[in-house]
$ cat query.cif   # mmCIF, C-alpha atoms and all ligand atoms
data_model
#
loop_
_atom_site.group_PDB
_atom_site.id
_atom_site.type_symbol
_atom_site.label_atom_id
_atom_site.label_comp_id
_atom_site.auth_asym_id
_atom_site.auth_seq_id
_atom_site.Cartn_x
_atom_site.Cartn_y
_atom_site.Cartn_z
ATOM 1 C CA MET A 1 -25.860 41.730 -43.542
ATOM 2 C CA LYS A 2 -27.683 38.459 -43.972
ATOM 3 C CA PHE A 3 -24.388 36.660 -43.615
ATOM 4 C CA PHE A 4 -23.607 38.558 -40.490
ATOM 5 C CA PHE A 5 -26.734 37.286 -38.799
ATOM 6 C CA LEU A 6 -26.088 33.806 -40.050
ATOM 7 C CA PHE A 7 -22.639 34.076 -38.531
ATOM 8 C CA LEU A 8 -24.028 35.256 -35.194
ATOM 9 C CA PHE A 9 -26.542 32.443 -35.212
ATOM 10 C CA ILE A 10 -23.954 29.775 -35.857
ATOM 11 C CA THR A 11 -21.478 31.055 -33.273
ATOM 12 C CA LEU A 12 -23.877 32.018 -30.515
ATOM 13 C CA ILE A 13 -26.418 29.231 -30.445
ATOM 14 C CA PRO A 14 -24.090 26.407 -29.343
ATOM 15 C CA ASN A 15 -22.767 28.632 -26.556
ATOM 16 C CA LEU A 16 -26.240 29.457 -25.345
ATOM 17 C CA VAL A 17 -27.341 25.849 -25.441
ATOM 18 C CA PHE A 18 -24.290 24.339 -23.790
ATOM 19 C CA SER A 19 -23.050 27.068 -21.491
ATOM 20 C CA HIS A 20 -24.916 25.733 -18.455
ATOM 21 C CA SER A 21 -22.652 22.706 -18.232
ATOM 22 C CA HIS A 22 -19.175 23.211 -16.842
ATOM 23 C CA TYR A 23 -18.233 19.631 -17.594
ATOM 24 C CA PRO A 24 -15.852 18.155 -18.505
ATOM 25 C CA ILE A 25 -13.516 19.190 -15.719
ATOM 26 C CA THR A 26 -9.906 19.370 -16.821
ATOM 27 C CA LYS A 27 -6.587 19.388 -15.011
ATOM 28 C CA ASP A 28 -5.487 22.488 -16.957
ATOM 29 C CA ASN A 29 -5.883 25.095 -14.219
ATOM 30 C CA GLU A 30 -2.975 24.682 -11.829
ATOM 31 C CA GLU A 31 -4.591 26.780 -9.115
ATOM 32 C CA ASN A 32 -7.679 24.558 -9.127
ATOM 33 C CA VAL A 33 -5.531 21.429 -8.931
ATOM 34 C CA LEU A 34 -3.698 22.856 -5.905
ATOM 35 C CA LYS A 35 -6.918 23.814 -4.154
ATOM 36 C CA GLY A 36 -8.210 20.309 -4.860
ATOM 37 C CA LYS A 37 -5.064 18.819 -3.394
ATOM 38 C CA GLU A 38 -5.591 20.702 -0.139
ATOM 39 C CA LEU A 39 -9.214 19.618 0.157
ATOM 40 C CA TYR A 40 -8.277 16.065 -0.764
ATOM 41 C CA SER A 41 -5.686 15.790 1.993
ATOM 42 C CA GLN A 42 -8.124 17.242 4.486
ATOM 43 C CA TYR A 43 -11.172 15.123 3.646
ATOM 44 C CA CYS A 44 -10.248 12.124 1.507
ATOM 45 C CA SER A 45 -6.724 10.899 2.109
ATOM 46 C CA SER A 46 -7.580 9.108 5.372
ATOM 47 C CA CYS A 47 -9.428 6.446 3.361
ATOM 48 C CA HIS A 48 -8.218 6.827 -0.238
ATOM 49 C CA GLN A 49 -4.588 7.402 0.841
ATOM 50 C CA ARG A 50 -2.390 10.409 0.339
ATOM 51 C CA ASP A 51 -1.186 9.141 -3.055
ATOM 52 C CA LEU A 52 -4.739 8.184 -4.154
ATOM 53 C CA SER A 53 -3.787 4.509 -4.274
ATOM 54 C CA GLY A 54 -6.751 3.418 -2.133
ATOM 55 C CA ALA A 55 -6.819 1.030 0.791
ATOM 56 C CA ALA A 56 -4.496 -1.982 0.773
ATOM 57 C CA ASN A 57 -6.302 -4.921 -0.893
ATOM 58 C CA TRP A 58 -9.097 -2.571 -1.835
ATOM 59 C CA LYS A 59 -11.006 -5.284 -3.701
ATOM 60 C CA SER A 60 -11.562 -7.217 -0.492
ATOM 61 C CA PHE A 61 -13.915 -6.236 2.306
ATOM 62 C CA ASP A 62 -13.051 -4.827 5.702
ATOM 63 C CA GLU A 63 -13.870 -6.513 9.028
ATOM 64 C CA ASP A 64 -17.419 -5.171 9.102
ATOM 65 C CA GLY A 65 -18.163 -6.410 5.593
ATOM 66 C CA HIS A 66 -17.986 -3.049 3.830
ATOM 67 C CA ARG A 67 -16.052 -2.251 0.734
ATOM 68 C CA LYS A 68 -12.681 -0.633 1.192
ATOM 69 C CA ALA A 69 -11.790 2.698 -0.372
ATOM 70 C CA PRO A 70 -10.786 2.151 -4.018
ATOM 71 C CA PRO A 71 -7.850 3.931 -5.658
ATOM 72 C CA LEU A 72 -8.737 7.210 -7.371
ATOM 73 C CA ASN A 73 -5.424 7.415 -9.249
ATOM 74 C CA GLY A 74 -6.654 5.812 -12.446
ATOM 75 C CA THR A 75 -5.831 2.199 -11.586
ATOM 76 C CA GLY A 76 -9.398 1.488 -10.380
ATOM 77 C CA HIS A 77 -12.627 2.156 -12.250
ATOM 78 C CA THR A 78 -13.215 5.782 -11.223
ATOM 79 C CA TRP A 79 -12.491 6.977 -14.763
ATOM 80 C CA HIS A 80 -15.437 4.967 -16.135
ATOM 81 C CA HIS A 81 -17.778 7.474 -14.493
ATOM 82 C CA PRO A 82 -18.547 10.813 -16.155
ATOM 83 C CA ASP A 83 -17.945 14.003 -14.141
ATOM 84 C CA LYS A 84 -21.599 14.412 -13.277
ATOM 85 C CA GLN A 85 -21.659 11.047 -11.492
ATOM 86 C CA LEU A 86 -18.332 11.587 -9.740
ATOM 87 C CA HIS A 87 -19.510 14.988 -8.557
ATOM 88 C CA SER A 88 -22.684 13.402 -7.115
ATOM 89 C CA ILE A 89 -20.817 10.559 -5.419
ATOM 90 C CA ILE A 90 -18.609 13.094 -3.638
ATOM 91 C CA LYS A 91 -21.380 15.566 -2.879
ATOM 92 C CA TYR A 92 -24.158 13.225 -1.774
ATOM 93 C CA GLY A 93 -22.290 10.007 -1.022
ATOM 94 C CA LEU A 94 -23.387 6.628 -2.247
ATOM 95 C CA ALA A 95 -26.181 6.470 0.323
ATOM 96 C CA GLU A 96 -28.116 9.055 -1.686
ATOM 97 C CA LEU A 97 -27.527 7.204 -4.919
ATOM 98 C CA VAL A 98 -27.719 3.529 -3.940
ATOM 99 C CA GLU A 99 -30.739 2.207 -2.088
ATOM 100 C CA ASN A 100 -29.991 0.713 1.349
ATOM 101 C CA TYR A 101 -26.348 1.695 1.068
ATOM 102 C CA GLN A 102 -24.429 0.560 4.142
ATOM 103 C CA GLY A 103 -20.930 1.492 3.077
ATOM 104 C CA LYS A 104 -18.516 4.183 4.036
ATOM 105 C CA MET A 105 -18.521 6.646 1.175
ATOM 106 C CA LEU A 106 -20.719 9.351 2.661
ATOM 107 C CA GLY A 107 -21.333 12.736 1.095
ATOM 108 C CA PHE A 108 -19.282 15.872 1.647
ATOM 109 C CA GLY A 109 -21.810 18.403 0.350
ATOM 110 C CA ASP A 110 -22.184 19.908 3.825
ATOM 111 C CA ARG A 111 -18.450 20.641 4.064
ATOM 112 C CA ILE A 112 -17.198 21.137 0.506
ATOM 113 C CA ASP A 113 -18.961 23.413 -1.997
ATOM 114 C CA ASP A 114 -19.491 22.551 -5.686
ATOM 115 C CA LYS A 115 -16.419 24.450 -6.800
ATOM 116 C CA GLY A 116 -14.338 22.632 -4.199
ATOM 117 C CA ILE A 117 -15.646 19.266 -5.383
ATOM 118 C CA ASP A 118 -14.712 20.179 -8.955
ATOM 119 C CA ASN A 119 -11.250 21.219 -7.780
ATOM 120 C CA ILE A 120 -10.824 17.825 -6.124
ATOM 121 C CA LEU A 121 -11.803 16.218 -9.434
ATOM 122 C CA SER A 122 -9.155 18.304 -11.226
ATOM 123 C CA TYR A 123 -6.607 17.093 -8.708
ATOM 124 C CA ILE A 124 -7.673 13.447 -9.020
ATOM 125 C CA LYS A 125 -7.470 13.686 -12.815
ATOM 126 C CA SER A 126 -3.934 15.025 -12.623
ATOM 127 C CA TYR A 127 -2.982 11.471 -11.571
ATOM 128 C CA TRP A 128 -4.576 9.745 -14.548
ATOM 129 C CA LYS A 129 -2.668 8.470 -17.569
ATOM 130 C CA GLU A 130 -3.296 10.500 -20.698
ATOM 131 C CA ASP A 131 -5.415 7.891 -22.494
ATOM 132 C CA ILE A 132 -7.919 7.328 -19.684
ATOM 133 C CA TYR A 133 -7.940 11.068 -18.931
ATOM 134 C CA LYS A 134 -8.946 11.828 -22.529
ATOM 135 C CA TYR A 135 -11.494 9.009 -22.593
ATOM 136 C CA GLN A 136 -13.127 10.279 -19.415
ATOM 137 C CA LEU A 137 -13.260 13.866 -20.766
ATOM 138 C CA GLU A 138 -15.162 12.527 -23.781
ATOM 139 C CA ILE A 139 -17.751 10.621 -21.740
ATOM 140 C CA SER A 140 -18.198 13.670 -19.477
ATOM 141 C CA LYS A 141 -19.301 15.855 -22.423
ATOM 142 C CA LYS A 142 -22.496 13.858 -22.944
HETATM 143 C C1 LIG A 201 -14.441 7.002 5.511
HETATM 144 C C2 LIG A 201 -13.669 6.639 4.354
HETATM 145 C C3 LIG A 201 -13.780 7.490 3.112
HETATM 146 C C4 LIG A 201 -13.565 8.844 2.991
HETATM 147 C C5 LIG A 201 -13.142 9.839 4.059
HETATM 148 C C6 LIG A 201 -13.760 9.154 1.580
HETATM 149 N N1 LIG A 201 -14.104 8.034 0.882
HETATM 150 FE FE1 LIG A 201 -14.506 7.909 -1.104
HETATM 151 N N2 LIG A 201 -14.963 5.958 -0.914
HETATM 152 C C7 LIG A 201 -14.853 5.224 0.250
HETATM 153 C C8 LIG A 201 -15.283 3.864 0.015
HETATM 154 C C9 LIG A 201 -15.316 2.748 1.041
HETATM 155 C C10 LIG A 201 -15.668 3.804 -1.341
HETATM 156 C C11 LIG A 201 -16.229 2.599 -2.047
HETATM 157 C C12 LIG A 201 -17.702 2.733 -1.874
HETATM 158 C C13 LIG A 201 -18.471 1.473 -1.901
HETATM 159 O O1 LIG A 201 -18.365 0.749 -2.884
HETATM 160 O O2 LIG A 201 -19.218 1.270 -0.936
HETATM 161 C C14 LIG A 201 -15.463 5.139 -1.898
HETATM 162 C C15 LIG A 201 -15.730 5.511 -3.211
HETATM 163 C C16 LIG A 201 -15.421 6.724 -3.775
HETATM 164 C C17 LIG A 201 -15.606 7.072 -5.174
HETATM 165 C C18 LIG A 201 -16.124 6.153 -6.265
HETATM 166 C C19 LIG A 201 -14.880 5.539 -6.842
HETATM 167 C C20 LIG A 201 -15.032 4.634 -8.000
HETATM 168 O O3 LIG A 201 -13.974 4.212 -8.509
HETATM 169 O O4 LIG A 201 -16.170 4.335 -8.396
HETATM 170 C C21 LIG A 201 -15.141 8.343 -5.323
HETATM 171 C C22 LIG A 201 -15.087 9.155 -6.608
HETATM 172 C C23 LIG A 201 -14.708 8.796 -4.021
HETATM 173 N N3 LIG A 201 -14.897 7.789 -3.101
HETATM 174 C C24 LIG A 201 -14.171 10.040 -3.789
HETATM 175 C C25 LIG A 201 -13.887 10.526 -2.517
HETATM 176 C C26 LIG A 201 -13.466 11.888 -2.261
HETATM 177 C C27 LIG A 201 -13.207 12.931 -3.324
HETATM 178 C C28 LIG A 201 -13.348 12.007 -0.906
HETATM 179 C C29 LIG A 201 -13.021 13.247 -0.111
HETATM 180 C C30 LIG A 201 -13.832 14.415 -0.377
HETATM 181 C C31 LIG A 201 -13.662 10.702 -0.326
HETATM 182 N N4 LIG A 201 -13.995 9.843 -1.332
HETATM 183 C C32 LIG A 201 -13.613 10.426 1.024
HETATM 184 C C33 LIG A 201 -14.417 5.686 1.471
HETATM 185 C C34 LIG A 201 -14.126 6.999 1.779
#
$ encode --input "query.cif" --output "structure tokens"
Amino acid sequence: MKFFFLFLFITLIPNLVFSHSHYPITKDNEENVLKGKELYSQYCSSCHQRDLSGAANWKSFDEDGHRKAPPLNGTGHTWHHPDKQLHSIIKYGLAELVENYQGKMLGFGDRIDDKGIDNILSYIKSYWKEDIYKYQLEISKK
């Protein structure tokens, strides 16, 4: 009996402690990836391009001095951010996160719900090479 409770303790506690976080977001659920693809083409592809490759010469600035849309396909630095940060960038935009932000990445929280944002992340991750995908999953667990 004692062992039974010990067993319960060991198996249940980590679940109770960590269950509030749904990160990291994986690309495993095909339905989520497809939903993300739809939302992406509706809301994101105009700037980040249909194939997620970003604006041409994305490291330069556009005519009004703002940054251009970077690639989200794993060739930029998107994968250096954990899921929590990526979720916030998409939900609130950089204006909410960076003081005096003048750029063009505004939030979508009024049009896309949290689940939708996570689906977009699943879709984006489906473009990433395996090594950066795995790395980013690790940093998203913290
Ligand atoms: C009006 C153009 C525009 C639209 C539409 C847009 N973005 Fe962006 N996005 C940008 C720009 C420009 C940046 C770079 C921000 C900066 O440095 O000022 C950016 C940055 C980002 C970043 C940070 C990337 C990184 O590598 O750090 C993510 C993630 C992102 N966008 C996701 C999205 C998603 C998802 C959507 C659709 C829901 C979207 N964006 C729609 C212009 C846009």
$ resolve_selection --input "query.cif" --expression "the PyMOL selection byres (((not hetatm)) within 9 of (chain A and resi 201))" --output "ChimeraX atom specification"
/A:39-48,54-55,58,66-72,74-81,85-91,93-95,101-109,111-112,117,120-121,124
$ atom_distance --input "query.cif" --atom1 "atom CA of A:Ser126" --atom2 "atom CA of A:Lys27"
5.6 Å
$ closest_residue --input "query.cif" --among "A:Gly65, A:Lys129, A:Ser122, A:Ile139" --to "A:Asp28" --atoms "only C-alpha atoms"
A:Ser122
$ resolve_selection --input "query.cif" --expression "the PyMOL selection byres (((chain A and resi 30-33) around 6) and not hetatm)" --output "list in words"
Asn29, Leu34, Lys35, Gly36, Asn119, Ser122 and Tyr123 of chain A
$ write_last_selection --input "query.cif" --atoms "C-alpha atoms" --output "tab-separated table (two decimals), keeping the file's coordinate frame"
chain	number	residue	atom	x	y	z
A	29	ASN	CA	-5.88	25.10	-14.22
A	34	LEU	CA	-3.70	22.86	-5.90
A	35	LYS	CA	-6.92	23.81	-4.15
A	36	GLY	CA	-8.21	20.31	-4.86
A	119	ASN	CA	-11.25	21.22	-7.78
A	122	SER	CA	-9.15	18.30	-11.23
A	123	TYR	CA	-6.61	17.09	-8.71
$ atom_distance --input "query.cif" --atom1 "atom CA of A:Gly116" --atom2 "atom CA of A:Lys59"
28.1 Å
$ build_atoms --input "query.cif" --residues "stretch 111-137 of chain A" --atoms "N, CA and C atoms" --output "CSV table (one decimal), in the coordinates of the input"
chain,number,residue,atom,x,y,z
A,111,ARG,N,-19.8,20.1,3.7
A,111,ARG,CA,-18.4,20.6,4.1
A,111,ARG,C,-17.7,21.2,2.9
A,112,ILE,N,-17.9,20.7,1.7
A,112,ILE,CA,-17.2,21.1,0.5
A,112,ILE,C,-18.2,21.6,-0.5
A,113,ASP,N,-18.0,22.9,-1.0
A,113,ASP,CA,-19.0,23.4,-2.0
A,113,ASP,C,-18.7,22.8,-3.4
A,114,ASP,N,-19.6,23.1,-4.3
A,114,ASP,CA,-19.5,22.6,-5.7
A,114,ASP,C,-18.2,22.8,-6.4
A,115,LYS,N,-17.7,24.1,-6.2
A,115,LYS,CA,-16.4,24.4,-6.8
A,115,LYS,C,-15.3,23.6,-6.2
A,116,GLY,N,-15.4,23.4,-4.9
A,116,GLY,CA,-14.3,22.6,-4.2
A,116,GLY,C,-14.3,21.2,-4.7
A,117,ILE,N,-15.5,20.6,-4.9
A,117,ILE,CA,-15.6,19.3,-5.4
A,117,ILE,C,-15.0,19.2,-6.8
A,118,ASP,N,-15.3,20.2,-7.6
A,118,ASP,CA,-14.7,20.2,-9.0
A,118,ASP,C,-13.2,20.3,-8.9
A,119,ASN,N,-12.7,21.1,-7.9
A,119,ASN,CA,-11.2,21.2,-7.8
A,119,ASN,C,-10.6,19.9,-7.4
A,120,ILE,N,-11.3,19.2,-6.5
A,120,ILE,CA,-10.8,17.8,-6.1
A,120,ILE,C,-10.8,16.9,-7.4
A,121,LEU,N,-11.8,17.0,-8.2
A,121,LEU,CA,-11.8,16.2,-9.4
A,121,LEU,C,-10.6,16.6,-10.3
A,122,SER,N,-10.3,17.9,-10.4
A,122,SER,CA,-9.2,18.3,-11.2
A,122,SER,C,-7.9,17.7,-10.7
A,123,TYR,N,-7.8,17.7,-9.4
A,123,TYR,CA,-6.6,17.1,-8.7
A,123,TYR,C,-6.5,15.6,-9.0
A,124,ILE,N,-7.6,14.9,-8.8
A,124,ILE,CA,-7.7,13.4,-9.0
A,124,ILE,C,-7.2,13.2,-10.5
A,125,LYS,N,-7.8,13.9,-11.4
A,125,LYS,CA,-7.5,13.7,-12.8
A,125,LYS,C,-6.0,13.9,-13.1
A,126,SER,N,-5.3,14.8,-12.3
A,126,SER,CA,-3.9,15.0,-12.6
A,126,SER,C,-3.1,13.8,-12.4
A,127,TYR,N,-3.7,12.7,-11.8
A,127,TYR,CA,-3.0,11.5,-11.6
A,127,TYR,C,-3.2,10.5,-12.7
A,128,TRP,N,-4.2,10.7,-13.6
A,128,TRP,CA,-4.6,9.7,-14.5
A,128,TRP,C,-3.7,9.8,-15.8
A,129,LYS,N,-3.4,8.6,-16.3
A,129,LYS,CA,-2.7,8.5,-17.6
A,129,LYS,C,-3.5,9.2,-18.7
A,130,GLU,N,-2.7,9.7,-19.7
A,130,GLU,CA,-3.3,10.5,-20.7
A,130,GLU,C,-4.5,9.8,-21.4
A,131,ASP,N,-4.3,8.5,-21.7
A,131,ASP,CA,-5.4,7.9,-22.5
A,131,ASP,C,-6.7,7.8,-21.7
A,132,ILE,N,-6.7,7.4,-20.4
A,132,ILE,CA,-7.9,7.3,-19.7
A,132,ILE,C,-8.4,8.7,-19.4
A,133,TYR,N,-7.5,9.7,-19.2
A,133,TYR,CA,-7.9,11.1,-18.9
A,133,TYR,C,-8.8,11.6,-20.1
A,134,LYS,N,-8.3,11.4,-21.3
A,134,LYS,CA,-8.9,11.8,-22.5
A,134,LYS,C,-10.3,11.1,-22.7
A,135,TYR,N,-10.3,9.8,-22.5
A,135,TYR,CA,-11.5,9.0,-22.6
A,135,TYR,C,-12.6,9.6,-21.7
A,136,GLN,N,-12.2,9.8,-20.4
A,136,GLN,CA,-13.1,10.3,-19.4
A,136,GLN,C,-13.6,11.7,-19.8
A,137,LEU,N,-12.8,12.5,-20.3
A,137,LEU,CA,-13.3,13.9,-20.8
A,137,LEU,C,-14.4,13.7,-21.8
